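Enquirer: Pasting query-v6.txt here (compact mmCIF, C-alpha atoms):
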# COMPACT_ATOMS: atom_id res chain seq x y z
CA MET A 1 262.42 149.63 244.69
CA ALA A 2 259.78 152.18 243.76
CA MET A 3 260.54 153.44 240.28
CA GLU A 4 257.38 155.45 240.08
CA ILE A 5 255.49 157.99 242.14
CA ASN A 6 251.82 158.67 241.57
CA THR A 7 249.87 161.46 243.20
CA GLU A 8 246.84 163.50 242.27
CA ASP A 9 249.00 166.39 241.08
CA TYR A 10 251.96 164.64 239.46
CA GLN A 11 253.28 161.31 238.23
CA ILE A 12 256.90 160.37 237.86
CA CYS A 13 258.08 157.13 236.34
CA TYR A 14 261.26 155.51 235.11
CA ASP A 15 261.43 153.54 231.88
CA PRO A 16 264.50 151.28 232.07
CA ALA A 17 264.36 150.50 228.33
CA THR A 18 265.21 154.12 227.51
CA ALA A 19 266.69 155.17 230.86
CA THR A 20 264.12 157.96 230.88
CA VAL A 21 262.47 159.54 233.92
CA SER A 22 259.18 161.16 232.90
CA PHE A 23 257.54 163.93 234.89
CA ILE A 24 253.85 164.61 234.30
CA GLY A 25 251.61 167.23 235.90
CA SER A 26 252.39 170.01 238.32
CA LEU A 27 255.16 170.06 240.93
CA ARG A 28 254.97 172.64 243.70
CA LEU A 29 256.20 170.90 246.84
CA SER A 30 257.40 173.06 249.67
CA GLY A 31 261.09 172.22 249.95
CA PRO A 32 263.85 169.61 250.03
CA ALA A 33 262.07 167.47 252.62
CA GLU A 34 258.94 167.13 250.46
CA TYR A 35 261.01 166.58 247.33
CA ALA A 36 263.05 163.82 249.03
CA PRO A 37 261.06 160.85 247.61
CA ILE A 38 261.59 162.18 244.07
CA GLY A 39 265.26 162.81 244.87
CA GLN A 40 265.50 159.18 246.02
CA LEU A 41 263.94 157.88 242.83
CA LEU A 42 266.47 159.90 240.81
CA ALA A 43 269.33 158.62 243.00
CA GLN A 44 268.20 155.04 242.33
CA VAL A 45 268.27 155.75 238.60
CA ALA A 46 271.77 157.19 238.91
CA ASP A 47 272.90 154.07 240.80
CA LEU A 48 271.93 151.94 237.82
CA GLU A 49 274.61 153.86 235.86
CA PRO A 50 273.01 153.90 232.44
CA THR A 51 275.15 155.48 229.71
CA LYS A 52 272.70 158.37 229.44
CA ILE A 53 269.79 159.49 231.62
CA THR A 54 266.95 161.38 229.99
CA LEU A 55 264.59 163.62 231.95
CA ASN A 56 261.37 163.87 229.98
CA LEU A 57 259.69 167.07 231.15
CA GLN A 58 257.42 167.48 228.12
CA GLN A 59 254.29 167.15 230.21
CA LEU A 60 255.52 169.03 233.28
CA GLU A 61 253.09 171.94 233.34
CA PHE A 62 254.41 173.68 236.44
CA LEU A 63 257.60 173.52 238.49
CA ASN A 64 258.32 175.77 241.46
CA SER A 65 261.79 177.01 242.40
CA SER A 66 262.27 174.24 244.99
CA GLY A 67 261.66 171.77 242.17
CA ILE A 68 264.14 173.54 239.90
CA ASN A 69 266.59 173.24 242.80
CA MET A 70 265.95 169.51 243.15
CA LEU A 71 266.46 168.78 239.44
CA SER A 72 269.53 171.03 239.34
CA LYS A 73 271.04 169.18 242.29
CA PHE A 74 270.54 165.88 240.46
CA ILE A 75 272.13 167.24 237.30
CA ILE A 76 275.12 168.54 239.29
CA GLU A 77 275.55 165.10 240.91
CA ILE A 78 275.50 163.39 237.50
CA ARG A 79 277.97 165.96 236.19
CA LYS A 80 280.31 165.16 239.08
CA THR A 81 280.32 161.43 238.34
CA ALA A 82 281.62 162.27 234.84
CA ARG A 83 280.42 158.83 233.74
CA VAL A 84 276.81 159.37 232.75
CA GLN A 85 275.41 161.66 230.05
CA MET A 86 272.27 163.74 230.55
CA ALA A 87 269.48 164.72 228.24
CA VAL A 88 266.45 166.89 229.01
CA GLN A 89 263.33 166.99 226.88
CA GLY A 90 261.07 170.02 227.11
CA SER A 91 257.98 171.08 225.25
CA GLN A 92 257.62 173.89 222.72
CA SER A 93 254.10 174.46 223.96
CA ILE A 94 254.75 174.98 227.68
CA ALA A 95 255.78 178.60 228.27
CA TRP A 96 258.14 178.16 231.24
CA HIS A 97 260.25 175.53 229.46
CA GLY A 98 261.76 178.03 227.05
CA LYS A 99 262.62 180.34 229.94
CA SER A 100 264.05 177.98 232.52
CA LEU A 101 265.36 174.72 231.04
CA ARG A 102 268.41 176.32 229.40
CA ASN A 103 269.83 176.88 232.86
CA PHE A 104 270.43 173.13 233.07
CA GLN A 105 272.88 173.47 230.18
CA ARG A 106 274.74 176.17 232.10
CA LEU A 107 275.09 173.72 235.00
CA MET A 108 276.30 170.90 232.76
CA PRO A 109 277.58 172.12 229.39
CA GLY A 110 277.40 168.69 227.71
CA LEU A 111 273.73 168.29 228.60
CA GLN A 112 271.51 167.63 225.56
CA LEU A 113 268.42 169.82 225.56
CA ASP A 114 265.58 169.32 223.08
CA PHE A 115 262.23 171.06 222.79
CA LEU A 116 259.80 168.63 221.24
CA MET B 1 245.70 176.65 243.28
CA SER B 2 245.21 180.35 243.93
CA ALA B 3 248.20 181.39 241.83
CA ASP B 4 246.81 179.63 238.75
CA PHE B 5 243.36 181.12 239.31
CA LEU B 6 244.77 184.65 239.54
CA ALA B 7 246.88 184.13 236.44
CA ASP B 8 243.95 182.76 234.50
CA TYR B 9 241.70 185.63 235.56
CA LEU B 10 244.37 188.16 234.67
CA THR B 11 244.66 187.03 231.08
CA THR B 12 241.07 188.11 230.48
CA PHE B 13 242.39 191.68 230.73
CA PHE B 14 244.86 191.17 227.90
CA PRO B 15 242.46 190.72 225.07
CA GLY B 16 243.37 190.19 221.50
CA ASN B 17 242.05 188.32 218.55
CA GLN B 18 241.38 184.86 219.90
CA ASP B 19 241.84 183.44 216.42
CA GLU B 20 245.43 184.66 216.24
CA PRO B 21 248.09 182.20 217.41
CA SER B 22 250.17 185.16 218.61
CA THR B 23 247.39 186.29 220.96
CA ILE B 24 246.97 182.81 222.39
CA GLU B 25 250.73 182.47 222.80
CA ARG B 26 251.00 185.87 224.48
CA GLN B 27 248.19 185.02 226.89
CA ALA B 28 249.85 181.68 227.69
CA GLU B 29 253.13 183.49 228.43
CA ILE B 30 251.42 185.99 230.75
CA LYS B 31 249.47 183.28 232.50
CA SER B 32 252.56 181.14 233.00
CA ALA B 33 254.68 184.01 234.28
CA VAL B 34 252.06 185.37 236.69
CA SER B 35 251.26 181.88 237.94
CA TYR B 36 254.92 181.15 238.67
CA ILE B 37 255.62 184.52 240.29
CA ALA B 38 252.45 184.57 242.40
CA ASN B 39 253.16 181.02 243.58
CA GLU B 40 256.76 181.83 244.57
CA LEU B 41 255.74 185.01 246.39
CA LEU B 42 252.99 183.19 248.29
CA GLU B 43 255.35 180.33 249.21
CA ASN B 44 257.91 182.86 250.51
CA ALA B 45 255.23 184.75 252.44
CA MET B 46 254.08 181.54 254.13
CA LYS B 47 257.62 180.47 254.97
CA PHE B 48 258.78 183.81 256.37
CA ASN B 49 255.54 185.00 257.93
CA ASP B 50 255.88 186.06 261.57
CA GLU B 51 253.96 183.33 263.40
CA THR B 52 253.44 185.52 266.45
CA SER B 53 251.47 188.12 264.53
CA ASP B 54 247.92 188.03 263.14
CA TYR B 55 248.90 190.24 260.22
CA PRO B 56 247.40 188.59 257.14
CA ILE B 57 249.19 187.61 253.94
CA ASP B 58 247.95 189.81 251.14
CA ILE B 59 248.32 189.38 247.39
CA LYS B 60 247.63 192.10 244.86
CA LEU B 61 247.75 192.28 241.07
CA GLN B 62 248.06 195.67 239.39
CA LEU B 63 247.49 196.01 235.69
CA GLU B 64 249.37 198.69 233.82
CA SER B 65 249.60 199.47 230.16
CA GLU B 66 252.98 197.81 229.77
CA GLY B 67 252.67 195.03 232.25
CA VAL B 68 251.63 193.63 235.56
CA ILE B 69 252.81 194.11 239.12
CA VAL B 70 252.32 191.21 241.51
CA SER B 71 252.72 192.17 245.18
CA VAL B 72 252.57 190.06 248.27
CA ALA B 73 252.66 191.45 251.80
CA ASN B 74 253.39 189.47 254.93
CA SER B 75 254.58 190.09 258.45
CA ILE B 76 258.23 189.44 259.20
CA SER B 77 259.76 189.03 262.63
CA PRO B 78 261.81 192.10 263.62
CA GLN B 79 264.79 189.79 264.21
CA ALA B 80 264.66 188.61 260.60
CA VAL B 81 264.61 192.07 259.01
CA ASP B 82 268.39 192.71 258.99
CA LYS B 83 269.16 189.37 257.38
CA PHE B 84 266.50 189.87 254.75
CA GLN B 85 267.65 193.41 253.94
CA ALA B 86 271.23 192.13 253.61
CA TYR B 87 269.97 189.52 251.15
CA ILE B 88 268.16 192.21 249.15
CA GLN B 89 271.39 194.25 249.02
CA GLU B 90 273.24 191.18 247.75
CA LEU B 91 270.60 190.63 245.06
CA LEU B 92 270.73 194.23 243.91
CA ALA B 93 274.55 194.32 243.83
CA SER B 94 275.05 191.04 241.96
CA GLU B 95 274.67 189.80 238.45
CA PRO B 96 271.57 187.59 238.93
CA SER B 97 272.56 184.78 236.59
CA GLU B 98 275.95 184.42 238.30
CA LEU B 99 274.35 184.42 241.72
CA TYR B 100 271.81 181.88 240.48
CA LEU B 101 274.49 179.39 239.42
CA GLN B 102 276.45 179.95 242.63
CA ARG B 103 273.34 179.30 244.69
CA LEU B 104 272.52 176.08 242.80
CA GLU B 105 276.08 174.77 243.29
CA LYS B 106 275.98 175.70 246.97
CA ASN B 107 272.59 174.02 247.49
CA ALA B 108 273.81 170.87 245.74
CA ALA B 109 276.79 170.65 248.07
CA ASP B 110 274.71 171.18 251.21
CA ASP B 111 272.59 168.26 252.36
CA ASN B 112 270.98 170.29 255.09
CA SER B 113 269.57 173.21 253.16
CA THR B 114 265.92 173.77 253.96
CA ASN B 115 265.21 176.59 251.61
CA SER B 116 266.46 176.84 248.04
CA GLY B 117 266.66 180.66 248.10
CA LEU B 118 265.94 180.62 244.38
CA GLY B 119 262.46 182.07 244.07
CA LEU B 120 263.40 185.74 243.71
CA LEU B 121 266.52 184.91 241.68
CA THR B 122 264.56 182.94 239.08
CA MET B 123 262.21 185.89 238.67
CA LEU B 124 265.24 187.99 237.73
CA THR B 125 266.98 185.43 235.53
CA ASP B 126 264.07 183.68 233.81
CA TYR B 127 261.35 186.33 233.76
CA THR B 128 263.41 189.55 233.55
CA ALA B 129 261.23 190.93 236.33
CA LYS B 130 262.00 194.03 238.37
CA LEU B 131 261.78 193.62 242.14
CA GLY B 132 261.02 196.12 244.87
CA TRP B 133 260.41 195.96 248.59
CA LYS B 134 258.66 198.08 251.17
CA PHE B 135 259.07 197.66 254.93
CA GLN B 136 256.53 199.15 257.32
CA THR B 137 256.14 199.10 261.07
CA VAL B 138 252.52 198.13 261.45
CA HIS B 139 252.41 198.05 265.22
CA LYS B 140 254.68 198.96 268.10
CA ASP B 141 254.65 197.00 271.35
CA PRO B 142 254.54 194.29 270.35
CA GLU B 143 256.50 195.27 267.27
CA VAL B 144 254.97 194.00 264.04
CA ILE B 145 256.76 194.66 260.78
CA ALA B 146 255.24 194.06 257.36
CA VAL B 147 257.20 193.60 254.16
CA THR B 148 255.69 193.96 250.71
CA THR B 149 257.54 192.31 247.83
CA MET B 150 256.64 193.78 244.44
CA VAL B 151 257.44 192.10 241.15
CA GLN B 152 257.00 194.01 237.93
CA LEU B 153 256.61 192.01 234.73
CA THR B 154 256.64 193.55 231.29
CA VAL B 155 254.18 191.78 229.01
Just dump the structure as structure tokens.

Expert:
Amino acid sequence: MAMEINTEDYQICYDPATATVSFIGSLRLSGPAEYAPIGQLLAQVADLEPTKITLNLQQLEFLNSSGINMLSKFIIEIRKTARVQMAVQGSQSIAWHGKSLRNFQRLMPGLQLDFL
Amino acid sequence: MSADFLADYLTTFFPGNQDEPSTIERQAEIKSAVSYIANELLENAMKFNDETSDYPIDIKLQLESEGVIVSVANSISPQAVDKFQAYIQELLASEPSELYLQRLEKNAADDNSTNSGLGLLTMLTDYTAKLGWKFQTVHKDPEVIAVTTMVQLTV
């Protein structure tokens, strides 16, 4: 069970101790097919049913709209289970975070959003 | 990545006192916005480009006193024009943030979607950009149509 993905442009890894998936680098894959491995990693995390899943995006420098779609889809799926809480961590020093991460709260009103 | 390079180059035209945090922050905002928008426009151009035509994909940055216009031109198959124009009409007639949420919910429910359809919407909702389009017949017989998508950002 691969709980991490490492490429030249981005790294994604799951820390079971904190139920946190961290995204580092730049994500600009071309569509759902290319984002599928990341979607699968997230689905595996969801299957573990932790009380709360945290998406740590503090070091995610770039995310294209297909990536926003992929993360949104995951958040919607978690919302539908109604059993797992969500938290998203953004950065105060990455410009797009302030613009785009609040949309996740509109998708899932109970989602905890922090800019660290 | 060409979008990042363009964005980086562009910020050299928005000078300010490099010792001021507000200048650095403003430049970071411009760079981030242009990088995102240029990348989305180029991705769209590559996806919707008419494969049967040699018409090149073109990207242009225009600097104005109050902002930047990023334009990308690509060929589009004549059969795809009606559908695209209908989509533009839908965009112009809707409240973007409502349409954005609807689209996300729809994409989440559909396992077969191949295209998120979010690029232009996020420019409206997250970057308060203004969008414009120009369609031109570049060649008749065979018919080649070019579409230019223009995104105006106030900085």

Enquirer: Once you count all atoms listed in the file, which residues of chain B turn out to be within 12 Å of chain A? Could you give them as a PyMOL selection string?

Expert: chain B and resi 1+3-4+21+24-44+46-47+97-98+100-128

Enquirer: Report the distance between CA of Tyr35 (chain A) and CA of Ile12 (chain A) in Å, rounded to one decimal place.

Expert: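 Between CA of Tyr35 (chain A) and CA of Ile12 (chain A) the gap is 12.0 Å.
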
Enquirer: Give me, as JSON, numbers by chain, all polymer residues having an atom no more than 10 Å from region 65-74 of chain B, counting all atoms listed in the file and skipping those fewer than 5 positions away in the same chain.

Expert: {"B": [10, 14, 30, 34, 37, 38, 40, 41, 42, 44, 45, 46, 47, 48, 49, 50, 53, 54, 55, 56, 57, 58, 59, 60, 129, 130, 131, 132, 133, 134, 135, 145, 146, 147, 148, 149, 150, 151, 152, 153, 154, 155]}

Enquirer: Find the distance between CA of Gln58 (chain A) and CA of Leu111 (chain A) and write it in Å to one decimal.

Expert: 16.3 Å

Enquirer: Can you tell me, as a PDB file with C-alpha atoms, in the coordinates of the input, which residues sit within 12 Å of (272.0, 158.6, 241.6) in the file's frame, using only C-alpha atoms?

Expert:
ATOM      1  CA  ILE A  38     261.590 162.180 244.070  1.00  0.00           C
ATOM      2  CA  GLY A  39     265.260 162.810 244.870  1.00  0.00           C
ATOM      3  CA  GLN A  40     265.500 159.180 246.020  1.00  0.00           C
ATOM      4  CA  LEU A  41     263.940 157.880 242.830  1.00  0.00           C
ATOM      5  CA  LEU A  42     266.470 159.900 240.810  1.00  0.00           C
ATOM      6  CA  ALA A  43     269.330 158.620 243.000  1.00  0.00           C
ATOM      7  CA  GLN A  44     268.200 155.040 242.330  1.00  0.00           C
ATOM      8  CA  VAL A  45     268.270 155.750 238.600  1.00  0.00           C
ATOM      9  CA  ALA A  46     271.770 157.190 238.910  1.00  0.00           C
ATOM     10  CA  ASP A  47     272.900 154.070 240.800  1.00  0.00           C
ATOM     11  CA  LEU A  48     271.930 151.940 237.820  1.00  0.00           C
ATOM     12  CA  GLU A  49     274.610 153.860 235.860  1.00  0.00           C
ATOM     13  CA  PRO A  50     273.010 153.900 232.440  1.00  0.00           C
ATOM     14  CA  ILE A  53     269.790 159.490 231.620  1.00  0.00           C
ATOM     15  CA  LEU A  71     266.460 168.780 239.440  1.00  0.00           C
ATOM     16  CA  LYS A  73     271.040 169.180 242.290  1.00  0.00           C
ATOM     17  CA  PHE A  74     270.540 165.880 240.460  1.00  0.00           C
ATOM     18  CA  ILE A  75     272.130 167.240 237.300  1.00  0.00           C
ATOM     19  CA  ILE A  76     275.120 168.540 239.290  1.00  0.00           C
ATOM     20  CA  GLU A  77     275.550 165.100 240.910  1.00  0.00           C
ATOM     21  CA  ILE A  78     275.500 163.390 237.500  1.00  0.00           C
ATOM     22  CA  ARG A  79     277.970 165.960 236.190  1.00  0.00           C
ATOM     23  CA  LYS A  80     280.310 165.160 239.080  1.00  0.00           C
ATOM     24  CA  THR A  81     280.320 161.430 238.340  1.00  0.00           C
ATOM     25  CA  ARG A  83     280.420 158.830 233.740  1.00  0.00           C
ATOM     26  CA  VAL A  84     276.810 159.370 232.750  1.00  0.00           C
TER      27      VAL A  84
END

Enquirer: How many Å lie between CA of Thr54 (chain A) and CA of Thr20 (chain A), rounded to one decimal?

Expert: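 We find that CA of Thr54 (chain A) and CA of Thr20 (chain A) lie 4.5 Å from each other.
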